[in-house]
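Participant: For reference, this is protein-v6.pdb, and it has PDB, C-alpha atoms.
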```
ATOM      1  CA  MET A   1     -20.568 -37.896  -8.319  1.00  0.00           C
ATOM      2  CA  ASN A   2     -19.782 -36.510  -4.900  1.00  0.00           C
ATOM      3  CA  ARG A   3     -16.129 -36.131  -4.022  1.00  0.00           C
ATOM      4  CA  PRO A   4     -14.686 -37.976  -1.008  1.00  0.00           C
ATOM      5  CA  LEU A   5     -15.464 -36.124   2.178  1.00  0.00           C
ATOM      6  CA  PRO A   6     -11.817 -35.455   3.204  1.00  0.00           C
ATOM      7  CA  SER A   7     -11.171 -33.622  -0.094  1.00  0.00           C
ATOM      8  CA  ALA A   8     -14.301 -31.524   0.338  1.00  0.00           C
ATOM      9  CA  LEU A   9     -13.261 -30.688   3.894  1.00  0.00           C
ATOM     10  CA  ASP A  10      -9.796 -29.645   2.722  1.00  0.00           C
ATOM     11  CA  ASP A  11     -11.356 -27.331   0.139  1.00  0.00           C
ATOM     12  CA  ALA A  12     -13.707 -25.863   2.744  1.00  0.00           C
ATOM     13  CA  ALA A  13     -10.757 -25.188   5.069  1.00  0.00           C
ATOM     14  CA  ASP A  14      -8.832 -23.498   2.248  1.00  0.00           C
ATOM     15  CA  ILE A  15     -11.830 -21.375   1.239  1.00  0.00           C
ATOM     16  CA  SER A  16     -12.291 -20.309   4.857  1.00  0.00           C
ATOM     17  CA  ALA A  17      -8.602 -19.385   5.210  1.00  0.00           C
ATOM     18  CA  ILE A  18      -8.651 -17.379   1.961  1.00  0.00           C
ATOM     19  CA  THR A  19     -11.871 -15.604   2.928  1.00  0.00           C
ATOM     20  CA  GLN A  20     -10.426 -14.631   6.307  1.00  0.00           C
ATOM     21  CA  CYS A  21      -7.242 -13.342   4.654  1.00  0.00           C
ATOM     22  CA  VAL A  22      -9.246 -11.107   2.306  1.00  0.00           C
ATOM     23  CA  LEU A  23     -11.501  -9.804   5.070  1.00  0.00           C
ATOM     24  CA  THR A  24      -8.579  -9.289   7.453  1.00  0.00           C
ATOM     25  CA  GLU A  25      -6.735  -7.180   4.874  1.00  0.00           C
ATOM     26  CA  ARG A  26      -9.739  -4.877   4.387  1.00  0.00           C
ATOM     27  CA  GLU A  27     -10.631  -4.710   8.099  1.00  0.00           C
ATOM     28  CA  SER A  28      -7.009  -3.889   8.935  1.00  0.00           C
ATOM     29  CA  ARG A  29      -7.012  -1.147   6.297  1.00  0.00           C
ATOM     30  CA  ASP A  30     -10.141   0.432   7.767  1.00  0.00           C
ATOM     31  CA  LEU A  31      -9.011   0.191  11.391  1.00  0.00           C
ATOM     32  CA  GLY A  32      -5.367   1.124  10.916  1.00  0.00           C
ATOM     33  CA  ARG A  33      -3.972  -2.264  11.950  1.00  0.00           C
ATOM     34  CA  TRP A  34      -1.003  -1.875   9.677  1.00  0.00           C
ATOM     35  CA  ALA A  35       1.171  -4.816  10.771  1.00  0.00           C
ATOM     36  CA  ARG A  36      -1.774  -7.161  10.357  1.00  0.00           C
ATOM     37  CA  MET A  37      -2.564  -5.674   6.931  1.00  0.00           C
ATOM     38  CA  ARG A  38       1.063  -6.064   5.837  1.00  0.00           C
ATOM     39  CA  ASP A  39       1.068  -9.711   6.928  1.00  0.00           C
ATOM     40  CA  CYS A  40      -1.778 -10.498   4.508  1.00  0.00           C
ATOM     41  CA  PHE A  41       0.443  -9.879   1.445  1.00  0.00           C
ATOM     42  CA  HIS A  42       3.245 -11.939  -0.056  1.00  0.00           C
ATOM     43  CA  ALA A  43       6.495  -9.995  -0.365  1.00  0.00           C
ATOM     44  CA  ASP A  44       6.108  -9.791  -4.170  1.00  0.00           C
ATOM     45  CA  ALA A  45       2.387  -8.904  -4.198  1.00  0.00           C
ATOM     46  CA  ILE A  46       1.080  -6.169  -6.494  1.00  0.00           C
ATOM     47  CA  VAL A  47      -1.798  -3.719  -6.019  1.00  0.00           C
ATOM     48  CA  ARG A  48      -3.618  -1.908  -8.835  1.00  0.00           C
ATOM     49  CA  ILE A  49      -6.476   0.369  -7.770  1.00  0.00           C
ATOM     50  CA  SER A  50      -7.665   3.916  -8.480  1.00  0.00           C
ATOM     51  CA  TRP A  51      -5.072   5.861  -6.509  1.00  0.00           C
ATOM     52  CA  PHE A  52      -2.197   3.363  -6.249  1.00  0.00           C
ATOM     53  CA  GLN A  53      -0.242   0.977  -8.455  1.00  0.00           C
ATOM     54  CA  GLY A  54       2.721  -0.804  -6.929  1.00  0.00           C
ATOM     55  CA  SER A  55       3.799  -3.425  -4.413  1.00  0.00           C
ATOM     56  CA  GLY A  56       1.749  -4.677  -1.495  1.00  0.00           C
ATOM     57  CA  THR A  57       4.388  -3.355   0.913  1.00  0.00           C
ATOM     58  CA  ASP A  58       4.269   0.125  -0.602  1.00  0.00           C
ATOM     59  CA  PHE A  59       0.466  -0.012  -0.610  1.00  0.00           C
ATOM     60  CA  VAL A  60       0.455  -0.422   3.163  1.00  0.00           C
ATOM     61  CA  GLU A  61       2.868   2.499   3.553  1.00  0.00           C
ATOM     62  CA  ARG A  62       0.791   4.715   1.296  1.00  0.00           C
ATOM     63  CA  SER A  63      -2.336   3.706   3.224  1.00  0.00           C
ATOM     64  CA  ILE A  64      -0.629   4.813   6.441  1.00  0.00           C
ATOM     65  CA  ASP A  65       0.199   8.141   4.791  1.00  0.00           C
ATOM     66  CA  MET A  66      -3.403   8.512   3.604  1.00  0.00           C
ATOM     67  CA  ALA A  67      -4.655   7.963   7.165  1.00  0.00           C
ATOM     68  CA  ARG A  68      -2.217  10.590   8.451  1.00  0.00           C
ATOM     69  CA  ARG A  69      -3.681  13.017   5.921  1.00  0.00           C
ATOM     70  CA  GLU A  70      -7.130  12.343   7.412  1.00  0.00           C
ATOM     71  CA  VAL A  71      -8.452  10.598   4.284  1.00  0.00           C
ATOM     72  CA  ARG A  72     -10.593   8.017   6.078  1.00  0.00           C
ATOM     73  CA  ALA A  73     -11.884   5.466   3.583  1.00  0.00           C
ATOM     74  CA  THR A  74     -13.984   2.583   4.893  1.00  0.00           C
ATOM     75  CA  HIS A  75     -15.371  -0.425   3.060  1.00  0.00           C
ATOM     76  CA  ARG A  76     -18.745  -2.173   2.960  1.00  0.00           C
ATOM     77  CA  LEU A  77     -18.069  -5.680   1.695  1.00  0.00           C
ATOM     78  CA  GLY A  78     -20.267  -8.274   0.048  1.00  0.00           C
ATOM     79  CA  PRO A  79     -19.836 -12.053   0.327  1.00  0.00           C
ATOM     80  CA  VAL A  80     -16.494 -13.455  -0.795  1.00  0.00           C
ATOM     81  CA  ALA A  81     -16.567 -15.961  -3.680  1.00  0.00           C
ATOM     82  CA  VAL A  82     -13.488 -18.199  -3.840  1.00  0.00           C
ATOM     83  CA  ARG A  83     -12.370 -20.440  -6.689  1.00  0.00           C
ATOM     84  CA  LEU A  84      -9.541 -22.874  -5.993  1.00  0.00           C
ATOM     85  CA  ASN A  85      -6.982 -24.512  -8.252  1.00  0.00           C
ATOM     86  CA  GLY A  86      -4.259 -26.279  -6.319  1.00  0.00           C
ATOM     87  CA  GLU A  87      -1.975 -23.817  -4.559  1.00  0.00           C
ATOM     88  CA  ARG A  88      -3.613 -20.818  -6.228  1.00  0.00           C
ATOM     89  CA  ALA A  89      -7.042 -19.240  -5.946  1.00  0.00           C
ATOM     90  CA  VAL A  90      -9.020 -16.166  -6.910  1.00  0.00           C
ATOM     91  CA  ALA A  91     -11.298 -14.364  -4.447  1.00  0.00           C
ATOM     92  CA  SER A  92     -13.957 -11.934  -5.685  1.00  0.00           C
ATOM     93  CA  LEU A  93     -16.389  -9.681  -3.856  1.00  0.00           C
ATOM     94  CA  GLY A  94     -18.527  -6.622  -4.369  1.00  0.00           C
ATOM     95  CA  ALA A  95     -17.574  -3.581  -2.303  1.00  0.00           C
ATOM     96  CA  THR A  96     -18.647  -0.015  -1.599  1.00  0.00           C
ATOM     97  CA  ILE A  97     -15.864   2.398  -0.656  1.00  0.00           C
ATOM     98  CA  ASP A  98     -17.068   5.296   1.515  1.00  0.00           C
ATOM     99  CA  ILE A  99     -14.795   8.338   1.736  1.00  0.00           C
ATOM    100  CA  PRO A 100     -15.805  11.450   3.694  1.00  0.00           C
ATOM    101  CA  GLY A 101     -14.443  14.777   2.525  1.00  0.00           C
ATOM    102  CA  THR A 102     -15.135  18.440   1.921  1.00  0.00           C
ATOM    103  CA  LEU A 103     -15.870  20.117  -1.413  1.00  0.00           C
ATOM    104  CA  ASP A 104     -16.031  23.909  -1.477  1.00  0.00           C
ATOM    105  CA  GLY A 105     -16.951  24.040   2.196  1.00  0.00           C
ATOM    106  CA  VAL A 106     -19.622  21.312   2.039  1.00  0.00           C
ATOM    107  CA  ASP A 107     -19.040  18.081   3.978  1.00  0.00           C
ATOM    108  CA  ILE A 108     -19.737  15.171   1.662  1.00  0.00           C
ATOM    109  CA  VAL A 109     -19.441  11.378   1.503  1.00  0.00           C
ATOM    110  CA  LEU A 110     -18.324   9.622  -1.647  1.00  0.00           C
ATOM    111  CA  SER A 111     -19.623   6.084  -2.238  1.00  0.00           C
ATOM    112  CA  SER A 112     -17.760   4.194  -4.956  1.00  0.00           C
ATOM    113  CA  HIS A 113     -19.136   0.814  -6.023  1.00  0.00           C
ATOM    114  CA  ALA A 114     -16.597  -1.705  -7.297  1.00  0.00           C
ATOM    115  CA  ARG A 115     -15.718  -5.376  -7.507  1.00  0.00           C
ATOM    116  CA  PHE A 116     -12.476  -6.481  -5.877  1.00  0.00           C
ATOM    117  CA  LEU A 117     -10.377  -9.352  -7.224  1.00  0.00           C
ATOM    118  CA  TYR A 118      -7.593 -10.970  -5.225  1.00  0.00           C
ATOM    119  CA  ARG A 119      -5.019 -13.444  -6.448  1.00  0.00           C
ATOM    120  CA  VAL A 120      -4.238 -15.693  -3.496  1.00  0.00           C
ATOM    121  CA  GLU A 121      -1.426 -18.215  -3.242  1.00  0.00           C
ATOM    122  CA  ARG A 122      -0.417 -20.779  -0.656  1.00  0.00           C
ATOM    123  CA  ARG A 123       3.289 -20.747   0.141  1.00  0.00           C
ATOM    124  CA  ASP A 124       4.907 -22.620   3.011  1.00  0.00           C
ATOM    125  CA  GLY A 125       1.479 -23.838   4.061  1.00  0.00           C
ATOM    126  CA  ARG A 126      -0.172 -20.414   4.355  1.00  0.00           C
ATOM    127  CA  TRP A 127      -2.516 -18.492   2.058  1.00  0.00           C
ATOM    128  CA  ARG A 128      -1.558 -14.863   1.405  1.00  0.00           C
ATOM    129  CA  LEU A 129      -2.454 -12.269  -1.219  1.00  0.00           C
ATOM    130  CA  SER A 130      -0.451 -12.100  -4.449  1.00  0.00           C
ATOM    131  CA  SER A 131      -2.476  -9.201  -5.835  1.00  0.00           C
ATOM    132  CA  PHE A 132      -5.338  -6.854  -5.069  1.00  0.00           C
ATOM    133  CA  GLU A 133      -7.158  -5.296  -8.032  1.00  0.00           C
ATOM    134  CA  ALA A 134     -10.542  -3.753  -8.755  1.00  0.00           C
ATOM    135  CA  PHE A 135     -12.897  -2.818 -11.508  1.00  0.00           C
ATOM    136  CA  TYR A 136     -15.309   0.049 -11.067  1.00  0.00           C
ATOM    137  CA  LEU A 137     -19.085   0.157 -11.479  1.00  0.00           C
ATOM    138  CA  ARG A 138     -20.435   3.583 -10.487  1.00  0.00           C
ATOM    139  CA  ASP A 139     -20.210   6.185  -7.747  1.00  0.00           C
ATOM    140  CA  GLU A 140     -22.083   9.076  -6.179  1.00  0.00           C
ATOM    141  CA  LEU A 141     -21.631  11.983  -3.770  1.00  0.00           C
ATOM    142  CA  HIS A 142     -23.976  12.792  -0.894  1.00  0.00           C
ATOM    143  CA  PRO A 143     -23.962  15.664   1.613  1.00  0.00           C
ATOM    144  CA  GLN A 144     -23.226  14.648   5.187  1.00  0.00           C
ATOM    145  CA  LEU A 145     -26.005  17.013   6.308  1.00  0.00           C
ATOM    146  CA  PRO A 146     -29.351  16.363   4.575  1.00  0.00           C
ATOM    147  CA  GLY A 147     -30.644  19.280   2.562  1.00  0.00           C
ATOM    148  CA  GLN A 148     -27.297  20.705   1.526  1.00  0.00           C
ATOM    149  CA  ALA A 149     -26.399  20.854  -2.148  1.00  0.00           C
ATOM    150  CA  VAL A 150     -23.256  19.092  -3.359  1.00  0.00           C
ATOM    151  CA  PRO A 151     -21.168  21.711  -5.248  1.00  0.00           C
ATOM    152  CA  VAL A 152     -20.490  19.618  -8.340  1.00  0.00           C
ATOM    153  CA  THR A 153     -21.535  20.425 -11.894  1.00  0.00           C
ATOM    154  CA  PRO A 154     -21.173  18.350 -15.083  1.00  0.00           C
ATOM    155  CA  GLU A 155     -18.236  20.561 -16.022  1.00  0.00           C
ATOM    156  CA  HIS A 156     -16.340  19.507 -12.876  1.00  0.00           C
ATOM    157  CA  VAL A 157     -16.372  15.847 -13.913  1.00  0.00           C
ATOM    158  CA  ALA A 158     -16.360  16.201 -17.701  1.00  0.00           C
ATOM    159  CA  GLY A 159     -12.881  14.714 -18.053  1.00  0.00           C
ATOM    160  CA  PHE A 160     -13.432  11.730 -15.785  1.00  0.00           C
ATOM    161  CA  ARG A 161     -14.575   8.168 -16.535  1.00  0.00           C
ATOM    162  CA  PRO A 162     -18.295   7.436 -15.831  1.00  0.00           C
ATOM    163  CA  SER A 163     -17.540   4.331 -13.749  1.00  0.00           C
ATOM    164  CA  TYR A 164     -15.454   6.278 -11.218  1.00  0.00           C
ATOM    165  CA  ARG A 165     -15.896   9.989 -11.998  1.00  0.00           C
ATOM    166  CA  MET A 166     -16.766  11.175  -8.479  1.00  0.00           C
ATOM    167  CA  LEU A 167     -13.943   9.121  -7.001  1.00  0.00           C
ATOM    168  CA  SER A 168     -11.579  10.736  -9.510  1.00  0.00           C
ATOM    169  CA  LEU A 169     -12.853  14.196  -8.598  1.00  0.00           C
ATOM    170  CA  LEU A 170     -12.455  13.727  -4.858  1.00  0.00           C
ATOM    171  CA  LEU A 171      -9.042  12.046  -5.039  1.00  0.00           C
ATOM    172  CA  THR A 172      -7.766  14.727  -7.422  1.00  0.00           C
ATOM    173  CA  ARG A 173      -8.949  17.456  -5.039  1.00  0.00           C
ATOM    174  CA  GLN A 174      -7.120  15.635  -2.233  1.00  0.00           C
ATOM    175  CA  GLY A 175      -3.866  15.651  -4.177  1.00  0.00           C
ATOM    176  CA  TYR A 176      -3.794  12.099  -5.539  1.00  0.00           C
ATOM    177  CA  ALA A 177      -3.017  11.142  -9.132  1.00  0.00           C
ATOM    178  CA  VAL A 178      -5.789   8.951 -10.558  1.00  0.00           C
ATOM    179  CA  ASN A 179      -5.195   6.342 -13.261  1.00  0.00           C
ATOM    180  CA  HIS A 180      -7.792   7.031 -15.957  1.00  0.00           C
ATOM    181  CA  GLU A 181      -7.207   3.693 -17.705  1.00  0.00           C
ATOM    182  CA  LEU A 182      -8.520   1.413 -14.960  1.00  0.00           C
ATOM    183  CA  PRO A 183     -10.963  -1.411 -15.704  1.00  0.00           C
ATOM    184  CA  GLY A 184     -14.564  -0.173 -15.488  1.00  0.00           C
ATOM    185  CA  ILE A 185     -17.935  -1.222 -16.846  1.00  0.00           C
ATOM    186  CA  ASP A 186     -18.000   1.843 -19.096  1.00  0.00           C
ATOM    187  CA  ARG A 187     -15.245  -0.012 -20.975  1.00  0.00           C
ATOM    188  CA  PRO A 188     -16.359  -3.671 -20.817  1.00  0.00           C
ATOM    189  CA  GLU A 189     -13.315  -4.887 -22.713  1.00  0.00           C
ATOM    190  CA  THR A 190     -11.080  -3.718 -19.850  1.00  0.00           C
ATOM    191  CA  VAL A 191     -13.073  -5.727 -17.320  1.00  0.00           C
ATOM    192  CA  ASP A 192     -12.933  -8.806 -19.539  1.00  0.00           C
ATOM    193  CA  ALA A 193      -9.165  -8.460 -19.996  1.00  0.00           C
ATOM    194  CA  MET A 194      -8.597  -8.038 -16.266  1.00  0.00           C
ATOM    195  CA  CYS A 195     -10.728 -11.062 -15.356  1.00  0.00           C
ATOM    196  CA  ARG A 196      -8.980 -13.226 -17.946  1.00  0.00           C
ATOM    197  CA  GLU A 197      -5.598 -12.166 -16.599  1.00  0.00           C
ATOM    198  CA  VAL A 198      -6.452 -12.732 -12.940  1.00  0.00           C
ATOM    199  CA  TYR A 199      -8.305 -16.025 -13.351  1.00  0.00           C
ATOM    200  CA  GLY A 200      -5.814 -17.209 -15.966  1.00  0.00           C
ATOM    201  CA  TRP A 201      -3.008 -16.729 -13.417  1.00  0.00           C
ATOM    202  CA  ALA A 202      -4.756 -19.391 -11.315  1.00  0.00           C
ATOM    203  CA  GLY A 203      -5.423 -21.642 -14.322  1.00  0.00           C
ATOM    204  CA  LEU A 204      -9.139 -20.885 -14.224  1.00  0.00           C
ATOM    205  CA  GLU A 205     -11.670 -19.549 -16.679  1.00  0.00           C
ATOM    206  CA  PRO A 206     -13.305 -16.233 -15.680  1.00  0.00           C
TER     207      PRO A 206
END
```
What do you get writing this file as structure tokens?

Facilitator:
Amino acid sequence: MNRPLPSALDDAADISAITQCVLTERESRDLGRWARMRDCFHADAIVRISWFQGSGTDFVERSIDMARREVRATHRLGPVAVRLNGERAVASLGATIDIPGTLDGVDIVLSSHARFLYRVERRDGRWRLSSFEAFYLRDELHPQLPGQAVPVTPEHVAGFRPSYRMLSLLLTRQGYAVNHELPGIDRPETVDAMCREVYGWAGLEP
């Protein structure tokens, strides 16, 4: 049975607002619009990704520091899927994180493929992010100039997880500490646990 039209319209408005919040946070991160990025998070939001675990506020500050260090990550985003449950929701999307860098004198681009999960909550009539988390799929390195060889051997990445080994290599070379226990498809149980936690927070099944 179809729901009454006003309820469907309310849901559509909420889904649109949540989608715009998610996209605004990522666009602001890429373009250095830090005040706008900060405004997307609730004050008690948490972030858990490859190079950072902490509050949403500290995540913005660390992102500013990363930009100052000329680590210029950008994001290619897939469609945003939103599931609502009252004042809470979960937004999910596929993403590719592109990070240019230099390895042993060769200019390279890292492409890390992941799925982002956001917990989103409406407080005082506005949807903002309560968390930003990710699980990792795979990654690769390419030379910025075609024909050059990327100076990476199996030995260089032997200690890193298959789902984000190149990301771990590049971030480590850039001075960042990488969490080696992140959810990734090389450890399916970690992805399942993360999804159950995030969707369970909203009272939803994964």

Participant: For Trp201 of chain A, find every residue with an atom within 10 Å (counting all atoms listed in the file), except residues of its own chain fewer than 5 positions away, and show them as a PyMOL selection string.

Facilitator: chain A and resi 88-90+119+195-196

Participant: For the PyMOL selection byres ((chain A and resi 72-83) around 8), applied here, can you spell out every residue it catches as a list in words?

Facilitator: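 Evaluating the PyMOL selection byres ((chain A and resi 72-83) around 8) on these coordinates yields Ile15, Ile18, Thr19, Arg26, Asp30, Met66, Ala67, Glu70, Val71, Leu84, Asn85, Ala89, Val90, Ala91, Ser92, Leu93, Gly94, Ala95, Thr96, Ile97, Asp98, Ile99 and Pro100 of chain A.
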
Participant: Go ahead and save the picked residues with C-alpha atoms, as a short mmCIF file (atom, residue, chain, number, x, y, z; two decimals), in the frame of the given file.

Facilitator:
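Below is the file that was written, part.cif:
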```
data_model
loop_
_atom_site.label_atom_id
_atom_site.label_comp_id
_atom_site.auth_asym_id
_atom_site.auth_seq_id
_atom_site.Cartn_x
_atom_site.Cartn_y
_atom_site.Cartn_z
CA ILE A 15 -11.83 -21.38 1.24
CA ILE A 18 -8.65 -17.38 1.96
CA THR A 19 -11.87 -15.60 2.93
CA ARG A 26 -9.74 -4.88 4.39
CA ASP A 30 -10.14 0.43 7.77
CA MET A 66 -3.40 8.51 3.60
CA ALA A 67 -4.66 7.96 7.16
CA GLU A 70 -7.13 12.34 7.41
CA VAL A 71 -8.45 10.60 4.28
CA LEU A 84 -9.54 -22.87 -5.99
CA ASN A 85 -6.98 -24.51 -8.25
CA ALA A 89 -7.04 -19.24 -5.95
CA VAL A 90 -9.02 -16.17 -6.91
CA ALA A 91 -11.30 -14.36 -4.45
CA SER A 92 -13.96 -11.93 -5.68
CA LEU A 93 -16.39 -9.68 -3.86
CA GLY A 94 -18.53 -6.62 -4.37
CA ALA A 95 -17.57 -3.58 -2.30
CA THR A 96 -18.65 -0.02 -1.60
CA ILE A 97 -15.86 2.40 -0.66
CA ASP A 98 -17.07 5.30 1.52
CA ILE A 99 -14.80 8.34 1.74
CA PRO A 100 -15.80 11.45 3.69
#
```

Participant: May I ask which of the residues A:Arg126, A:Gly200, A:Pro154, A:Ser163 is the closest one to Gln20 of chain A, counting all atoms listed in the file?

Facilitator: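 Nearest candidate to Gln20 of chain A out of A:Arg126, A:Gly200, A:Pro154, A:Ser163: A:Arg126.
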
Participant: Looking at all atoms listed in the file, which of A:Val106, A:Phe52, A:Arg128, A:Val150 is the one that sits closest to Glu25 of chain A?

Facilitator: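 Going through A:Val106, A:Phe52, A:Arg128, A:Val150 one by one, the smallest distance to Glu25 of chain A is for A:Arg128.
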
Participant: Rank A:Gly86, A:Gly54, A:Pro143, A:Gly159 by their smallest atom-to-atom distance to Asp14 of chain A, using all atoms listed in the file, and report the top residue only.

Facilitator: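 Nearest candidate to Asp14 of chain A out of A:Gly86, A:Gly54, A:Pro143, A:Gly159: A:Gly86.
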
Participant: With the PyMOL selection byres ((chain A and resi 172-178) around 12) as the selection, what would be picked from this file? Answer as a PyMOL selection string, please.

Facilitator: chain A and resi 48-53+62+65-66+69-72+99-104+156-157+159-161+164-171+179-182

Participant: Name the closest residue to Gly125 of chain A among the candidates A:Asp139, A:Ala8, A:Leu145, A:Glu87; distances are taken between atoms, counting all atoms listed in the file.

Facilitator: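 Nearest to Gly125 of chain A: A:Glu87.
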
Participant: Could you state the separation of atom CA of Arg29 of chain A and atom CA of Leu110 of chain A in Å, given to one decimal place?

Facilitator: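 Computed distance, atom CA of Arg29 of chain A to atom CA of Leu110 of chain A, equals 17.5 Å.
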
Participant: So, with only C-alpha atoms as the atoms that count, which of A:His142, A:Ile64, A:Ala202, A:Phe135 lies closest to Glu189 of chain A?

Facilitator: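 Between A:His142, A:Ile64, A:Ala202, A:Phe135, the residue approaching Glu189 of chain A most closely is A:Phe135.
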
Participant: Can you measure atom CA of Arg122 of chain A to atom CA of Ala12 of chain A for me? One decimal in Å is fine.

Facilitator: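 That distance, rounded to one decimal, is 14.6 Å.
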
Participant: Rounded to one decimal in Å, what is the spacing between atom CA of Arg115 of chain A and atom CA of Gly32 of chain A?

Facilitator: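 Pair atom CA of Arg115 of chain A / atom CA of Gly32 of chain A returns 22.1 Å.
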
Participant: Go through A:Leu129, A:Val47, A:Leu141, A:Val198 one by one, measure the shortest atom-to-atom distance of each to Ser112 of chain A using only C-alpha atoms, and give the residue with the smallest value.

Facilitator: A:Leu141

Participant: The PyMOL selection byres ((chain A and resi 130) around 8) on the file shown: which residues, as a PDB file with C-alpha atoms, in the coordinates of the input?

Facilitator:
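Contents of out10.pdb, as written:
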```pdb
ATOM      1  CA  PHE A  41       0.443  -9.879   1.445  1.00  0.00           C
ATOM      2  CA  HIS A  42       3.245 -11.939  -0.056  1.00  0.00           C
ATOM      3  CA  ASP A  44       6.108  -9.791  -4.170  1.00  0.00           C
ATOM      4  CA  ALA A  45       2.387  -8.904  -4.198  1.00  0.00           C
ATOM      5  CA  ILE A  46       1.080  -6.169  -6.494  1.00  0.00           C
ATOM      6  CA  TYR A 118      -7.593 -10.970  -5.225  1.00  0.00           C
ATOM      7  CA  ARG A 119      -5.019 -13.444  -6.448  1.00  0.00           C
ATOM      8  CA  VAL A 120      -4.238 -15.693  -3.496  1.00  0.00           C
ATOM      9  CA  GLU A 121      -1.426 -18.215  -3.242  1.00  0.00           C
ATOM     10  CA  ARG A 128      -1.558 -14.863   1.405  1.00  0.00           C
ATOM     11  CA  LEU A 129      -2.454 -12.269  -1.219  1.00  0.00           C
ATOM     12  CA  SER A 131      -2.476  -9.201  -5.835  1.00  0.00           C
ATOM     13  CA  PHE A 132      -5.338  -6.854  -5.069  1.00  0.00           C
TER      14      PHE A 132
END
```
